[in-house]
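The structure appears right after this line, and notes come after that.
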Amino acid sequence: MDKFVIIGGKKLAGNVKISGAKNAILPIMTAALLAKGKSVFHNVPHLNDIKMMAHVLRVLGARVEYENETLSIDTTHADYYEAPYELVSKMRASIYVLGPLLARCGKARVSFPGGCAIGTRPVDLHLKVMEALGAKIEIEHGYINAVCDHLKGAKIRFEKVSVGATANAIMVAVLADGVTDLHNVAKEPEIGNLIDCLILMGAKIDGRDTNHLQITGVDILLPIETEMMPDRIEAGTFLIAGAITGSRISISNCVPEHIQSLLDRLIQTGCKLNVEKKRIEIIPPSKILPVDIVTYPYPDFPTDLQAQFMALMSLSQGESRIEDTIFPDRLMHVAELNRLDANISLEKHVAVVSGVNSLSGAMVMATDLRASAALVLAGLAAKGKTTISRIYHIDRGYDKIENKLQKIGADIKRIKG
């Protein structure tokens, strides 16, 4: 397996162009199933998760092509309704095919999904939505079997906010008869991007950016050509890279309001920010101040930046506390950061970070996508050499992160396994 070798302690300088958002394009790829014909999406990053979703769609009969950050999906002959274990088990986001398949084919057979090992992530909310709209659900031999001759709108209130269940509910409801009212829905920008694409396809959806969506079903949707939103998690990761290395860098092709919760915390650490419409410059402080964070659904602090912010806090001048309410078990990076001489302890599901003066390079292992990013950030700041194994995790969500870091002065190399 490939590894990263990082010689830390280098100052960074320059600009990083942020790629398209992984968490936006994945559900939108499956939404293409809702309209027969060829849809084209621009600003699509070259990521393993997107390759995997493309494989899933090809199994379903779609023709998928990718070149120069443009993804085309022709669903004219996508009439197969089973997403097999061999593919779905490798990526959590494969569950997004459930709603579109049910709406398109009247049935779906989808293996229970896999992905990063960051705690229990049940699909019960997805299934309850399908049942509320008239589907019959059976669980058999590790597969979800959903059948429905006639989808009908319903009133649904989510027990808790779920990005995945919200996306699946929207995609199945747009072709259901009547009106579907969704309450307590996720408001993440990626959900907004999905709604924009569906409206462009001909869907009728009211309530974007609120916790209540009203969807009036239509008879048919049409293929589209559009551009994906920038990746707010990648944007946040590179801003933290500037802060943790004491470097003045900037990011472009970003939407600052999408990461306002992070920007607020960075200011509390002592960073200064020059924020423009699609560009942010970070000016790091001489001393990093400790800041507590608790992750919550958007617009609060995102779980997908928790690990990276913990790496930054490991070099703060004091003690900070970090709690993840979205995935309470998403703390496996604590042990690996401590291998770099961080001082982090766990009190139940809360990480207590006692800042140290410096980190030291070591051999570490990535445990999930965002933990990988945290280790890269820590390695950039650490003294000496850091070797990170199992970096296939990071290739799931960051488009050639080592190339982008090299361009702004980082000493990072990919060693082929």
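Chain lettering (A, B, ...) mirrors the order of the structure tokens, residue numbering begins at 1 for each chain separately, and ligand numbering begins at 1 in order of display.
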
*Surrounding residues of His150 (chain A) excluding itself and chain neighbours under 2 positions, 8 Å, only C-alpha atoms, as an MDAnalysis selection string*: chainID A and resid 106 134 148 152 176:177

_List the spatial neighbours of region 396-404 of chain A as a list in words - criterion: any atom at most 7 Å away, only C-alpha atoms, same-chain residues fewer than 5 positions off excluded._
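Close residues of region 396-404 of chain A: Val16, Lys22, Pro45, His46, Leu47, Asn48, Asp49, Glu234, Leu369, Ile412 and Lys413 of chain A.
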
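Between CA of Gly8 (chain A) and CA of Thr245 (chain A) lies a distance of 8.8 Å.
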
_Interatomic distance, CA of His183 (chain A) to CA of Asp324 (chain A) (Å, one decimal)_ = 23.6 Å

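Between Gly37 (chain A) and the candidates A:Glu131, A:Asp124, A:Asp411, A:Glu225, the tightest atom-to-atom separation, counting only C-alpha atoms, involves A:Glu225.
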
Residues of region 167-319 of chain A in strand (DSSP E or B), written as a PDB file with N, CA and C atoms, in the first residue's frame:
```pdb
ATOM      1  N   ASP A 177     -46.234  10.489  -6.207  1.00  0.00           N
ATOM      2  CA  ASP A 177     -47.480  11.230  -6.417  1.00  0.00           C
ATOM      3  C   ASP A 177     -47.777  12.117  -5.210  1.00  0.00           C
ATOM      4  N   VAL A 179     -47.768  15.412  -2.537  1.00  0.00           N
ATOM      5  CA  VAL A 179     -46.830  16.278  -1.813  1.00  0.00           C
ATOM      6  C   VAL A 179     -46.184  15.503  -0.668  1.00  0.00           C
ATOM      7  N   THR A 180     -44.870  15.662  -0.546  1.00  0.00           N
ATOM      8  CA  THR A 180     -44.121  15.086   0.575  1.00  0.00           C
ATOM      9  C   THR A 180     -43.589  16.225   1.431  1.00  0.00           C
ATOM     10  N   ASP A 181     -43.903  16.184   2.717  1.00  0.00           N
ATOM     11  CA  ASP A 181     -43.390  17.160   3.677  1.00  0.00           C
ATOM     12  C   ASP A 181     -42.301  16.488   4.502  1.00  0.00           C
ATOM     13  N   LEU A 182     -41.086  17.035   4.444  1.00  0.00           N
ATOM     14  CA  LEU A 182     -39.964  16.502   5.216  1.00  0.00           C
ATOM     15  C   LEU A 182     -39.593  17.506   6.295  1.00  0.00           C
ATOM     16  N   HIS A 183     -39.648  17.070   7.546  1.00  0.00           N
ATOM     17  CA  HIS A 183     -39.331  17.941   8.674  1.00  0.00           C
ATOM     18  C   HIS A 183     -38.048  17.461   9.368  1.00  0.00           C
ATOM     19  N   LYS A 204     -39.910  19.830  -8.215  1.00  0.00           N
ATOM     20  CA  LYS A 204     -40.536  20.951  -7.515  1.00  0.00           C
ATOM     21  C   LYS A 204     -40.256  20.800  -6.023  1.00  0.00           C
ATOM     22  N   ILE A 205     -39.349  21.623  -5.520  1.00  0.00           N
ATOM     23  CA  ILE A 205     -38.897  21.522  -4.130  1.00  0.00           C
ATOM     24  C   ILE A 205     -38.877  22.914  -3.516  1.00  0.00           C
ATOM     25  N   ASP A 206     -39.546  23.078  -2.405  1.00  0.00           N
ATOM     26  CA  ASP A 206     -39.552  24.345  -1.671  1.00  0.00           C
ATOM     27  C   ASP A 206     -38.915  24.149  -0.294  1.00  0.00           C
ATOM     28  N   HIS A 212     -37.347  22.357   6.816  1.00  0.00           N
ATOM     29  CA  HIS A 212     -38.626  21.824   6.327  1.00  0.00           C
ATOM     30  C   HIS A 212     -38.652  21.933   4.807  1.00  0.00           C
ATOM     31  N   LEU A 213     -38.733  20.783   4.145  1.00  0.00           N
ATOM     32  CA  LEU A 213     -38.818  20.751   2.690  1.00  0.00           C
ATOM     33  C   LEU A 213     -40.205  20.274   2.273  1.00  0.00           C
ATOM     34  N   GLN A 214     -40.739  20.908   1.261  1.00  0.00           N
ATOM     35  CA  GLN A 214     -42.003  20.467   0.677  1.00  0.00           C
ATOM     36  C   GLN A 214     -41.746  20.110  -0.784  1.00  0.00           C
ATOM     37  N   ILE A 215     -42.020  18.857  -1.125  1.00  0.00           N
ATOM     38  CA  ILE A 215     -41.704  18.346  -2.455  1.00  0.00           C
ATOM     39  C   ILE A 215     -42.999  17.912  -3.131  1.00  0.00           C
ATOM     40  N   THR A 216     -43.273  18.503  -4.282  1.00  0.00           N
ATOM     41  CA  THR A 216     -44.436  18.124  -5.075  1.00  0.00           C
ATOM     42  C   THR A 216     -43.955  17.222  -6.201  1.00  0.00           C
ATOM     43  N   GLU A 225     -26.850  19.498 -17.360  1.00  0.00           N
ATOM     44  CA  GLU A 225     -25.415  19.788 -17.351  1.00  0.00           C
ATOM     45  C   GLU A 225     -25.194  20.915 -16.360  1.00  0.00           C
ATOM     46  N   THR A 226     -24.322  20.680 -15.375  1.00  0.00           N
ATOM     47  CA  THR A 226     -24.130  21.674 -14.320  1.00  0.00           C
ATOM     48  C   THR A 226     -22.771  21.502 -13.667  1.00  0.00           C
ATOM     49  N   GLU A 227     -22.443  22.401 -12.746  1.00  0.00           N
ATOM     50  CA  GLU A 227     -21.149  22.396 -12.064  1.00  0.00           C
ATOM     51  C   GLU A 227     -21.336  22.121 -10.581  1.00  0.00           C
ATOM     52  N   PRO A 230     -17.765  23.798  -4.540  1.00  0.00           N
ATOM     53  CA  PRO A 230     -16.432  23.508  -3.974  1.00  0.00           C
ATOM     54  C   PRO A 230     -16.540  22.691  -2.685  1.00  0.00           C
ATOM     55  N   ILE A 249      -1.029  31.371   3.898  1.00  0.00           N
ATOM     56  CA  ILE A 249      -1.424  30.823   2.612  1.00  0.00           C
ATOM     57  C   ILE A 249      -2.853  31.270   2.303  1.00  0.00           C
ATOM     58  N   SER A 250      -3.296  30.977   1.092  1.00  0.00           N
ATOM     59  CA  SER A 250      -4.664  31.317   0.722  1.00  0.00           C
ATOM     60  C   SER A 250      -5.294  30.147  -0.011  1.00  0.00           C
ATOM     61  N   ILE A 251      -6.609  30.122  -0.025  1.00  0.00           N
ATOM     62  CA  ILE A 251      -7.350  29.140  -0.797  1.00  0.00           C
ATOM     63  C   ILE A 251      -8.309  29.883  -1.720  1.00  0.00           C
ATOM     64  N   SER A 252      -8.546  29.320  -2.899  1.00  0.00           N
ATOM     65  CA  SER A 252      -9.466  29.932  -3.858  1.00  0.00           C
ATOM     66  C   SER A 252     -10.470  28.883  -4.314  1.00  0.00           C
ATOM     67  N   LYS A 272      -5.675  35.431  11.859  1.00  0.00           N
ATOM     68  CA  LYS A 272      -6.352  36.510  11.151  1.00  0.00           C
ATOM     69  C   LYS A 272      -6.738  35.998   9.772  1.00  0.00           C
ATOM     70  N   LEU A 273      -7.895  36.422   9.294  1.00  0.00           N
ATOM     71  CA  LEU A 273      -8.402  35.949   8.011  1.00  0.00           C
ATOM     72  C   LEU A 273      -8.779  37.126   7.119  1.00  0.00           C
ATOM     73  N   ASN A 274      -8.343  37.066   5.886  1.00  0.00           N
ATOM     74  CA  ASN A 274      -8.807  37.998   4.867  1.00  0.00           C
ATOM     75  C   ASN A 274      -9.788  37.232   3.974  1.00  0.00           C
ATOM     76  N   VAL A 275     -11.062  37.553   4.112  1.00  0.00           N
ATOM     77  CA  VAL A 275     -12.109  36.785   3.442  1.00  0.00           C
ATOM     78  C   VAL A 275     -12.696  37.595   2.294  1.00  0.00           C
ATOM     79  N   ARG A 279     -12.380  33.507  -1.967  1.00  0.00           N
ATOM     80  CA  ARG A 279     -10.981  33.347  -1.579  1.00  0.00           C
ATOM     81  C   ARG A 279     -10.816  33.689  -0.100  1.00  0.00           C
ATOM     82  N   ILE A 280      -9.960  32.938   0.578  1.00  0.00           N
ATOM     83  CA  ILE A 280      -9.662  33.205   1.989  1.00  0.00           C
ATOM     84  C   ILE A 280      -8.149  33.125   2.180  1.00  0.00           C
ATOM     85  N   GLU A 281      -7.596  34.132   2.831  1.00  0.00           N
ATOM     86  CA  GLU A 281      -6.177  34.110   3.214  1.00  0.00           C
ATOM     87  C   GLU A 281      -6.100  33.961   4.729  1.00  0.00           C
ATOM     88  N   ILE A 282      -5.230  33.067   5.202  1.00  0.00           N
ATOM     89  CA  ILE A 282      -5.056  32.875   6.633  1.00  0.00           C
ATOM     90  C   ILE A 282      -3.684  33.378   7.043  1.00  0.00           C
ATOM     91  N   ILE A 283      -3.658  34.168   8.118  1.00  0.00           N
ATOM     92  CA  ILE A 283      -2.423  34.689   8.709  1.00  0.00           C
ATOM     93  C   ILE A 283      -2.338  34.104  10.111  1.00  0.00           C
ATOM     94  N   ILE A 293     -14.297  22.607  20.908  1.00  0.00           N
ATOM     95  CA  ILE A 293     -15.282  22.433  19.849  1.00  0.00           C
ATOM     96  C   ILE A 293     -16.197  21.255  20.171  1.00  0.00           C
ATOM     97  N   VAL A 294     -17.435  21.367  19.725  1.00  0.00           N
ATOM     98  CA  VAL A 294     -18.406  20.277  19.768  1.00  0.00           C
ATOM     99  C   VAL A 294     -19.028  20.208  18.380  1.00  0.00           C
ATOM    100  N   THR A 295     -19.009  19.039  17.754  1.00  0.00           N
ATOM    101  CA  THR A 295     -19.567  18.930  16.412  1.00  0.00           C
ATOM    102  C   THR A 295     -21.076  18.758  16.469  1.00  0.00           C
ATOM    103  N   GLU A 319      -5.227  23.959  27.206  1.00  0.00           N
ATOM    104  CA  GLU A 319      -6.038  22.749  27.108  1.00  0.00           C
ATOM    105  C   GLU A 319      -7.338  23.029  26.369  1.00  0.00           C
TER     106      GLU A 319
END
```

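The gap separating CA of Tyr85 (chain A) from CA of His141 (chain A) is 10.5 Å, in Å to one decimal.
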
*Using DSSP on the backbone, list every residue of region 111-337 of chain A that comes out as helix (DSSP H, G or I), and give them as a ChimeraX atom specification.*
/A:124-132,163-173,189-201,232-244,256-268,303-313,333-337

_Can you pull out the residues contacting region 305-315 of chain A? Cut-off 7 Å, using only C-alpha atoms, and skip same-chain residues under 5 positions away; I want them as JSON, numbers by chain._
{"A": [233, 237, 240, 244, 288, 290, 320, 342, 343, 353, 354, 355, 356, 357, 358, 370, 371, 373, 374, 377, 378]}

*asked:* Taking 4 positions as the minimum chain separation for residues in the same chain, which residues sit within 9 Å of Ala78 (chain A) when counting only C-alpha atoms? Answer as a list in words.
replied: Leu33, Lys36, Leu57, Arg58, Val59, Leu60, Gly61, Ala62, Arg63 and Asp74 of chain A

Export of prior selection with N, CA and C atoms as a PDB file, in the first residue's frame:
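Resulting contents of part-v1.pdb:
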```
ATOM      1  N   LEU A  33     -29.895   8.823 -12.079  1.00  0.00           N
ATOM      2  CA  LEU A  33     -30.750   7.684 -12.399  1.00  0.00           C
ATOM      3  C   LEU A  33     -32.214   8.084 -12.556  1.00  0.00           C
ATOM      4  N   LYS A  36     -33.821   9.622 -17.568  1.00  0.00           N
ATOM      5  CA  LYS A  36     -33.202   8.847 -18.644  1.00  0.00           C
ATOM      6  C   LYS A  36     -32.474   9.774 -19.607  1.00  0.00           C
ATOM      7  N   LEU A  57     -22.806   2.480 -10.615  1.00  0.00           N
ATOM      8  CA  LEU A  57     -23.741   2.910 -11.654  1.00  0.00           C
ATOM      9  C   LEU A  57     -23.583   2.085 -12.927  1.00  0.00           C
ATOM     10  N   ARG A  58     -22.348   1.708 -13.249  1.00  0.00           N
ATOM     11  CA  ARG A  58     -22.131   0.862 -14.434  1.00  0.00           C
ATOM     12  C   ARG A  58     -22.786  -0.500 -14.258  1.00  0.00           C
ATOM     13  N   VAL A  59     -22.709  -1.066 -13.045  1.00  0.00           N
ATOM     14  CA  VAL A  59     -23.365  -2.341 -12.773  1.00  0.00           C
ATOM     15  C   VAL A  59     -24.871  -2.221 -12.994  1.00  0.00           C
ATOM     16  N   LEU A  60     -25.418  -1.048 -12.690  1.00  0.00           N
ATOM     17  CA  LEU A  60     -26.854  -0.815 -12.861  1.00  0.00           C
ATOM     18  C   LEU A  60     -27.236  -0.564 -14.317  1.00  0.00           C
ATOM     19  N   GLY A  61     -26.228  -0.467 -15.194  1.00  0.00           N
ATOM     20  CA  GLY A  61     -26.491  -0.296 -16.615  1.00  0.00           C
ATOM     21  C   GLY A  61     -26.184   1.074 -17.180  1.00  0.00           C
ATOM     22  N   ALA A  62     -25.693   1.985 -16.348  1.00  0.00           N
ATOM     23  CA  ALA A  62     -25.360   3.327 -16.827  1.00  0.00           C
ATOM     24  C   ALA A  62     -24.006   3.332 -17.530  1.00  0.00           C
ATOM     25  N   ARG A  63     -23.821   4.279 -18.423  1.00  0.00           N
ATOM     26  CA  ARG A  63     -22.529   4.504 -19.060  1.00  0.00           C
ATOM     27  C   ARG A  63     -21.897   5.733 -18.403  1.00  0.00           C
ATOM     28  N   ASP A  74     -24.720   8.473 -18.571  1.00  0.00           N
ATOM     29  CA  ASP A  74     -25.834   8.185 -19.462  1.00  0.00           C
ATOM     30  C   ASP A  74     -26.647   7.032 -18.869  1.00  0.00           C
TER      31      ASP A  74
END
```
